[in-house]
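K.L.:
Next comes the structure file input-v9.cif, holding mmCIF, C-alpha atoms (C1' of nucleotides).
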```cif
data_entry
loop_
_atom_site.label_atom_id
_atom_site.label_comp_id
_atom_site.auth_asym_id
_atom_site.auth_seq_id
_atom_site.Cartn_x
_atom_site.Cartn_y
_atom_site.Cartn_z
CA MET A 1 2.06 4.91 14.76
CA ASN A 2 3.87 2.92 17.42
CA ASN A 3 1.73 -0.14 17.49
CA ALA A 4 4.13 -1.94 19.81
CA LYS A 5 3.34 0.66 22.43
CA ARG A 6 -0.38 0.14 22.05
CA LYS A 7 -0.03 -3.61 22.25
CA HIS A 8 2.07 -3.25 25.36
CA LEU A 9 -0.45 -0.98 27.01
CA GLU A 10 -3.29 -3.29 26.15
CA SER A 11 -1.42 -6.33 27.42
CA LYS A 12 -1.04 -4.55 30.75
CA GLY A 13 -4.78 -4.19 30.98
CA TRP A 14 -5.15 -0.63 29.79
CA LYS A 15 -8.25 0.22 27.86
CA VAL A 16 -7.24 2.11 24.78
CA GLY A 17 -9.97 4.40 23.56
CA THR A 18 -9.34 6.42 20.47
CA ALA A 19 -5.77 6.05 19.39
CA LYS A 20 -5.13 9.75 19.50
CA GLU A 21 -6.09 10.11 23.13
CA PHE A 22 -3.66 7.70 24.72
CA LEU A 23 -0.82 7.51 22.29
CA ASN A 24 0.83 10.67 21.17
CA LEU A 25 -0.18 10.42 17.56
CA SER A 26 0.02 13.39 15.29
CA PRO A 27 -3.31 14.39 13.78
CA GLU A 28 -2.43 12.85 10.43
CA GLU A 29 -1.28 9.61 11.99
CA ALA A 30 -4.48 9.47 14.00
CA ALA A 31 -6.61 10.12 10.91
CA TYR A 32 -4.82 7.34 9.08
CA VAL A 33 -5.15 4.78 11.90
CA GLU A 34 -8.79 5.62 12.49
CA MET A 35 -9.52 5.34 8.80
CA LYS A 36 -7.98 1.90 8.73
CA LEU A 37 -9.96 0.78 11.76
CA ALA A 38 -13.15 2.18 10.26
CA LEU A 39 -12.52 0.25 7.05
CA SER A 40 -11.80 -2.94 8.94
CA ARG A 41 -15.16 -2.65 10.66
CA VAL A 42 -16.88 -2.06 7.34
CA LEU A 43 -15.23 -5.14 5.92
CA TYR A 44 -16.36 -7.19 8.90
CA GLU A 45 -19.92 -5.97 8.42
CA PHE A 46 -19.89 -6.84 4.75
CA ARG A 47 -18.57 -10.32 5.43
CA LYS A 48 -21.10 -11.00 8.14
CA ARG A 49 -23.95 -9.69 6.03
CA LYS A 50 -22.98 -12.19 3.35
CA LYS A 51 -22.59 -14.93 5.95
CA LEU A 52 -19.11 -15.85 4.85
CA THR A 53 -16.31 -17.30 6.94
CA GLN A 54 -12.90 -15.65 6.77
CA HIS A 55 -11.70 -18.63 4.81
CA GLU A 56 -14.49 -18.28 2.24
CA LEU A 57 -13.88 -14.56 1.89
CA ALA A 58 -10.15 -15.21 1.50
CA ARG A 59 -10.83 -17.58 -1.36
CA ARG A 60 -12.90 -14.94 -3.14
CA LEU A 61 -10.13 -12.39 -2.66
CA LYS A 62 -7.42 -14.87 -3.64
CA SER A 63 -5.90 -14.25 -0.27
CA SER A 64 -5.64 -16.25 2.92
CA GLN A 65 -7.69 -16.64 6.08
CA SER A 66 -4.90 -15.21 8.17
CA ARG A 67 -4.72 -12.07 6.09
CA VAL A 68 -8.47 -11.59 6.30
CA ALA A 69 -8.17 -11.87 10.07
CA LYS A 70 -5.48 -9.20 10.01
CA MET A 71 -7.59 -6.98 7.78
CA GLU A 72 -10.47 -7.15 10.21
CA ALA A 73 -8.12 -6.49 13.11
CA GLY A 74 -6.69 -3.39 11.47
CA ASP A 75 -3.24 -4.94 11.71
CA PRO A 76 -0.33 -2.60 10.86
CA SER A 77 0.75 -4.95 8.09
CA VAL A 78 -2.49 -4.27 6.20
CA SER A 79 -2.70 -1.42 3.71
CA LEU A 80 -5.67 0.74 2.86
CA ASP A 81 -5.27 -0.57 -0.68
CA LEU A 82 -5.98 -4.09 0.43
CA LEU A 83 -8.99 -3.01 2.46
CA PHE A 84 -10.51 -0.98 -0.36
CA ARG A 85 -9.79 -3.66 -2.93
CA SER A 86 -11.44 -6.23 -0.70
CA LEU A 87 -14.54 -4.15 -0.23
CA PHE A 88 -14.81 -3.53 -3.95
CA ALA A 89 -14.38 -7.25 -4.55
CA LEU A 90 -17.28 -7.81 -2.19
CA GLY A 91 -19.43 -5.67 -4.41
CA ALA A 92 -19.21 -2.39 -2.52
CA SER A 93 -19.18 0.79 -4.58
CA ARG A 94 -17.08 3.83 -3.83
CA LYS A 95 -20.15 5.77 -2.77
CA ASN A 96 -21.12 2.87 -0.64
CA VAL A 97 -17.81 2.83 1.17
CA THR A 98 -17.29 6.56 1.51
CA GLN A 99 -20.76 6.92 2.99
CA MET A 100 -20.02 4.26 5.57
CA LEU A 101 -16.80 6.09 6.37
CA SER A 102 -18.08 9.62 6.66
CA MET B 1 -5.38 -3.67 -14.17
CA ASN B 2 -2.98 -4.11 -17.01
CA ASN B 3 -1.40 -0.74 -17.07
CA ALA B 4 1.04 -1.77 -19.78
CA LYS B 5 -1.91 -2.21 -22.07
CA ARG B 6 -3.20 1.26 -21.32
CA LYS B 7 0.19 2.81 -21.84
CA HIS B 8 0.50 0.98 -25.11
CA LEU B 9 -2.89 2.13 -26.31
CA GLU B 10 -2.15 5.70 -25.35
CA SER B 11 1.21 5.65 -27.03
CA LYS B 12 -0.58 4.64 -30.21
CA GLY B 13 -2.69 7.74 -29.96
CA TRP B 14 -5.82 6.27 -28.48
CA LYS B 15 -7.79 8.46 -26.17
CA VAL B 16 -8.64 6.49 -23.09
CA GLY B 17 -11.84 7.69 -21.45
CA THR B 18 -12.99 6.04 -18.29
CA ALA B 19 -10.81 3.10 -17.61
CA LYS B 20 -13.67 0.68 -17.53
CA GLU B 21 -14.95 1.57 -20.96
CA PHE B 22 -11.87 0.87 -23.00
CA LEU B 23 -9.98 -1.67 -21.00
CA ASN B 24 -11.74 -4.74 -19.88
CA LEU B 25 -11.46 -4.03 -16.20
CA SER B 26 -13.52 -5.95 -13.74
CA PRO B 27 -15.87 -3.79 -11.69
CA GLU B 28 -13.62 -3.98 -8.65
CA GLU B 29 -10.53 -3.07 -10.64
CA ALA B 30 -12.39 -0.15 -12.14
CA ALA B 31 -13.57 1.03 -8.73
CA TYR B 32 -10.01 0.88 -7.44
CA VAL B 33 -8.50 2.76 -10.37
CA GLU B 34 -11.19 5.41 -10.34
CA MET B 35 -10.78 5.86 -6.61
CA LYS B 36 -7.08 6.43 -7.08
CA LEU B 37 -7.65 8.93 -9.85
CA ALA B 38 -10.27 10.72 -7.76
CA LEU B 39 -7.83 10.99 -4.87
CA SER B 40 -5.09 12.26 -7.11
CA ARG B 41 -7.37 15.03 -8.28
CA VAL B 42 -8.24 15.91 -4.70
CA LEU B 43 -4.56 16.08 -3.83
CA TYR B 44 -3.93 18.37 -6.79
CA GLU B 45 -6.75 20.64 -5.69
CA PHE B 46 -5.40 20.84 -2.16
CA ARG B 47 -1.93 21.66 -3.36
CA LYS B 48 -3.15 24.35 -5.72
CA ARG B 49 -5.41 25.85 -3.09
CA LYS B 50 -2.41 26.21 -0.83
CA LYS B 51 -0.33 27.55 -3.70
CA LEU B 52 2.44 25.05 -3.21
CA THR B 53 4.82 23.64 -5.81
CA GLN B 54 5.30 19.89 -6.00
CA HIS B 55 8.72 20.38 -4.51
CA GLU B 56 7.35 22.31 -1.53
CA LEU B 57 4.61 19.76 -0.95
CA ALA B 58 7.17 16.97 -1.16
CA ARG B 59 9.24 18.62 1.54
CA ARG B 60 6.21 18.76 3.84
CA LEU B 61 5.45 15.13 3.20
CA LYS B 62 9.09 14.09 3.55
CA SER B 63 8.87 12.75 0.04
CA SER B 64 10.19 13.88 -3.31
CA GLN B 65 8.95 16.02 -6.17
CA SER B 66 8.91 13.06 -8.49
CA ARG B 67 6.73 11.06 -6.16
CA VAL B 68 4.30 13.94 -5.80
CA ALA B 69 4.11 14.12 -9.58
CA LYS B 70 3.32 10.42 -9.66
CA MET B 71 0.70 10.81 -6.97
CA GLU B 72 -1.06 13.49 -8.95
CA ALA B 73 -0.82 11.39 -12.09
CA GLY B 74 -2.39 8.36 -10.40
CA ASP B 75 0.68 6.36 -11.26
CA PRO B 76 0.41 2.60 -10.67
CA SER B 77 3.37 2.76 -8.31
CA VAL B 78 1.39 4.95 -5.91
CA SER B 79 -0.73 3.39 -3.19
CA LEU B 80 -3.99 4.64 -1.74
CA ASP B 81 -2.16 4.74 1.58
CA LEU B 82 0.27 7.33 0.29
CA LEU B 83 -2.52 9.44 -1.15
CA PHE B 84 -4.60 9.38 2.03
CA ARG B 85 -1.58 10.00 4.23
CA SER B 86 -0.63 12.96 2.07
CA LEU B 87 -4.08 14.47 2.25
CA PHE B 88 -4.16 14.04 6.01
CA ALA B 89 -0.72 15.64 6.24
CA LEU B 90 -2.14 18.58 4.30
CA GLY B 91 -4.73 19.04 6.99
CA ALA B 92 -7.64 17.25 5.39
CA SER B 93 -9.96 15.33 7.67
CA ARG B 94 -11.53 12.00 6.86
CA LYS B 95 -14.94 13.61 6.47
CA ASN B 96 -13.33 16.16 4.26
CA VAL B 97 -11.84 13.56 1.97
CA THR B 98 -14.74 11.14 1.87
CA GLN B 99 -17.08 13.97 0.97
CA MET B 100 -14.87 15.01 -1.91
CA LEU B 101 -14.84 11.39 -3.02
CA SER B 102 -18.51 10.60 -2.83
"C1'" DT C 1 -17.48 -32.87 27.41
"C1'" DG C 2 -14.82 -32.81 23.32
"C1'" DA C 3 -14.84 -32.79 18.32
"C1'" DT C 4 -15.26 -29.54 14.65
"C1'" DT C 5 -15.23 -25.18 12.80
"C1'" DT C 6 -13.83 -20.54 12.94
"C1'" DT C 7 -10.74 -16.90 14.14
"C1'" DA C 8 -6.14 -15.02 15.85
"C1'" DT C 9 -1.13 -14.59 15.85
"C1'" DG C 10 3.69 -15.24 14.43
"C1'" DT C 11 6.83 -15.87 10.68
"C1'" DC C 12 8.89 -15.39 6.18
"C1'" DA C 13 10.11 -15.36 1.12
"C1'" DG C 14 8.48 -13.00 -2.75
"C1'" DA C 15 6.13 -8.98 -4.54
"C1'" DA C 16 4.94 -4.17 -4.43
"C1'" DT C 17 5.80 0.55 -2.88
"C1'" DT C 18 8.88 4.33 -1.56
"C1'" DG C 19 12.19 8.29 -1.60
"C1'" DA C 20 15.73 9.75 -4.16
"C1'" DC C 21 18.24 10.77 -8.13
"C1'" DA C 22 18.92 11.98 -13.06
"C1'" DT C 23 17.13 14.07 -16.71
"C1'" DA C 24 13.65 15.39 -20.01
"C1'" DG C 25 9.77 18.34 -21.16
"C1'" DC C 26 6.90 22.17 -20.28
"C1'" DT C 27 5.49 27.18 -18.70
"C1'" DT C 28 6.13 31.62 -17.63
"C1'" DG C 29 7.90 36.13 -17.87
"C1'" DA C 30 11.24 39.53 -19.33
"C1'" DT D 1 13.96 34.22 -27.63
"C1'" DC D 2 15.66 32.02 -23.69
"C1'" DA D 3 16.53 31.35 -18.92
"C1'" DA D 4 14.55 29.90 -14.65
"C1'" DG D 5 11.31 27.45 -12.35
"C1'" DC D 6 7.99 23.80 -12.38
"C1'" DT D 7 6.37 19.21 -13.71
"C1'" DA D 8 6.91 14.47 -15.89
"C1'" DT D 9 9.20 10.05 -16.47
"C1'" DG D 10 12.50 6.27 -15.82
"C1'" DT D 11 15.32 3.77 -12.62
"C1'" DC D 12 16.74 1.50 -8.39
"C1'" DA D 13 18.04 0.09 -3.55
"C1'" DA D 14 15.70 -0.01 0.70
"C1'" DT D 15 11.54 -0.54 2.94
"C1'" DT D 16 6.89 -2.29 3.40
"C1'" DC D 17 3.13 -5.32 2.23
"C1'" DT D 18 1.34 -9.87 0.84
"C1'" DG D 19 -0.12 -14.72 0.62
"C1'" DA D 20 0.89 -18.74 2.67
"C1'" DC D 21 1.92 -21.74 6.26
"C1'" DA D 22 1.94 -23.44 11.09
"C1'" DT D 23 -0.28 -23.39 15.10
"C1'" DA D 24 -2.77 -21.41 19.03
"C1'" DA D 25 -7.06 -19.74 20.82
"C1'" DA D 26 -11.90 -19.27 20.75
"C1'" DA D 27 -16.51 -20.36 19.37
"C1'" DT D 28 -20.11 -23.66 18.09
"C1'" DC D 29 -22.76 -27.59 18.76
"C1'" DA D 30 -24.04 -32.46 19.44
#
```
Let me see the file written as structure tokens.

P.N.:
Amino acid sequence: MNNAKRKHLESKGWKVGTAKEFLNLSPEEAAYVEMKLALSRVLYEFRKRKKLTQHELARRLKSSQSRVAKMEAGDPSVSLDLLFRSLFALGASRKNVTQMLS
Amino acid sequence: MNNAKRKHLESKGWKVGTAKEFLNLSPEEAAYVEMKLALSRVLYEFRKRKKLTQHELARRLKSSQSRVAKMEAGDPSVSLDLLFRSLFALGASRKNVTQMLS
DNA sequence: TGATTTTATGTCAGAATTGACATAGCTTGA
DNA sequence: TCAAGCTATGTCAATTCTGACATAAAATCA
């Protein structure tokens, strides 16, 4: 949690490693944030592999370029639902995704 | 999607097997629904293993008994976020969960 | 260089999710 | 049987997420 804090730290030049280390996240908050970041990386990989721009991907997802950018950035306004739905829409299977996550 | 349709079918006495078979879900919708149902089963297993009532689990999650019931039922009003957060709050790790999902 | 394309960030109204409540239905055990 | 505890379902105000837009920043390439 506390994304404002992270942003502040980063803006001051701090390198933030794993979220849990530098912010005082509870284990469950850390697991959630790291899961989201992991998914955002998977989404980025899928998009790149298919050689799509964010705009093109957005069109496929019936979303917008800006939201795709936020998905890939692991923005706090993005839900796991949206990330999973997007990956499934890109043709990923559950096995596919869970393997890339584990 | 189209949960109303499923509810209607079920109310008429139809047995709905896998979602994809009887509703005309797109592959990505099916993957999403099945993922949610899989998670709800995992949550149920965790709760039973810890011998908690829905009410007790709800208290731990700072939620309510009714929402826990909906989580375990895979209700459309429940997000993947809530399910993952709940599992993490119960002490599950990401590896833990993804393995039970794959 | 600078024009074009791609990506990032801020904002917001509308849509979806949430905890909480009420209450119904179901299980268990005496 | 029936009472007590547990689970299911419907509803709703408050919160959160979403697509869309504007625009800034960064990357690409001639």

K.L.:
Convert the output of the PyMOL selection byres ((chain A and resi 29) around 10) on the shown file into explicit residues, formatted as a list in words.

P.N.:
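Given this file, the PyMOL selection byres ((chain A and resi 29) around 10) evaluates to Met1, Ala19, Lys20, Asn24, Leu25, Ser26, Pro27, Glu28, Ala30, Ala31, Tyr32, Val33, Glu34 and Met35 of chain A; Arg85, Phe88 and Ala89 of chain B.
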
K.L.:
Report, in Å to a single decimal, how far apart CA of Met71 (chain B) and CA of Ser40 (chain B) are.

P.N.:
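Straight-line distance from CA of Ser40 (chain B) to CA of Met71 (chain B) works out to 6.0 Å.
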
K.L.:
Could the residues of chain C that have an atom at most 8 Å from chain B be listed as a Markdown table, each with its closest atom pair and the distance in Å to one decimal, counting all atoms listed in the file and ordered by chain and ascending residue number?

P.N.:
```
| residue | atom | partner | partner_atom | distance |
| --- | --- | --- | --- | --- |
| C:DT17 | C1' | B:Ser77 | CA | 6.3 |
| C:DG19 | C1' | B:Ser63 | CA | 5.8 |
| C:DA20 | C1' | B:Ser64 | CA | 7.0 |
```

K.L.:
Output the contact residues of chain D with respect to chain A at a cut-off of 8 Å, based on only C-alpha atoms (C1' of nucleotides), as a list of chain:residue names.

P.N.:
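Every residue of chain D that passes the 8 Å test is in D:DC17, D:DG19, D:DA20.
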
K.L.:
Please evaluate the PyMOL selection byres ((chain A and resi 102) around 12) against the displayed coordinates and give the resulting residues as a PyMOL selection string.

P.N.:
(chain A and resi 34-35+38-39+42+95-101) or (chain B and resi 93-102)

K.L.:
So which one's closest to DA24 (chain C), D:DT16, D:DC29, D:DT9, D:DT23? Using all atoms listed in the file, please.

P.N.:
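Closest to DA24 (chain C) of all the choices is D:DT9.
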
K.L.:
Run the PyMOL selection byres ((chain D and resi 24) around 12) mentally over the shown coordinates, then write out the matched residues as a ChimeraX atom specification, using the chain letters and numbers from the document.

P.N.:
/C:7-10 /D:22-23,25-26

K.L.:
Grab the CA of His55 (chain A) to CA of Val68 (chain A) distance for me, in Å with one decimal place.

P.N.:
7.9 Å

K.L.:
Within 8 Å of (2.8, 24.8, -17.8), in the coordinates the file gives, what residues turn up when you count all atoms listed in the file, written out as a PDB file with C-alpha atoms (C1' of nucleotides), keeping the file's coordinate frame?

P.N.:
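Resulting contents of point_2.pdb:
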```
ATOM      1  C1'  DC C  26       6.900  22.170 -20.280  1.00  0.00           C
ATOM      2  C1'  DT C  27       5.490  27.180 -18.700  1.00  0.00           C
ATOM      3  C1'  DT C  28       6.130  31.620 -17.630  1.00  0.00           C
TER       4       DT C  28
ATOM      5  C1'  DC D   6       7.990  23.800 -12.380  1.00  0.00           C
ATOM      6  C1'  DT D   7       6.370  19.210 -13.710  1.00  0.00           C
TER       7       DT D   7
END
```

K.L.:
Between C1' of DA13 (chain C) and CA of Lys70 (chain A), what is the distance, to one decimal in Å?

P.N.:
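Rounded to one decimal, the two atoms are 19.0 Å apart.
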
K.L.:
Using all atoms listed in the file, can you list as an NGL selection string the residues within 6 Å of (0.0, 20.9, -7.0)?

P.N.:
:B and (44 or 47-48 or 53-54)
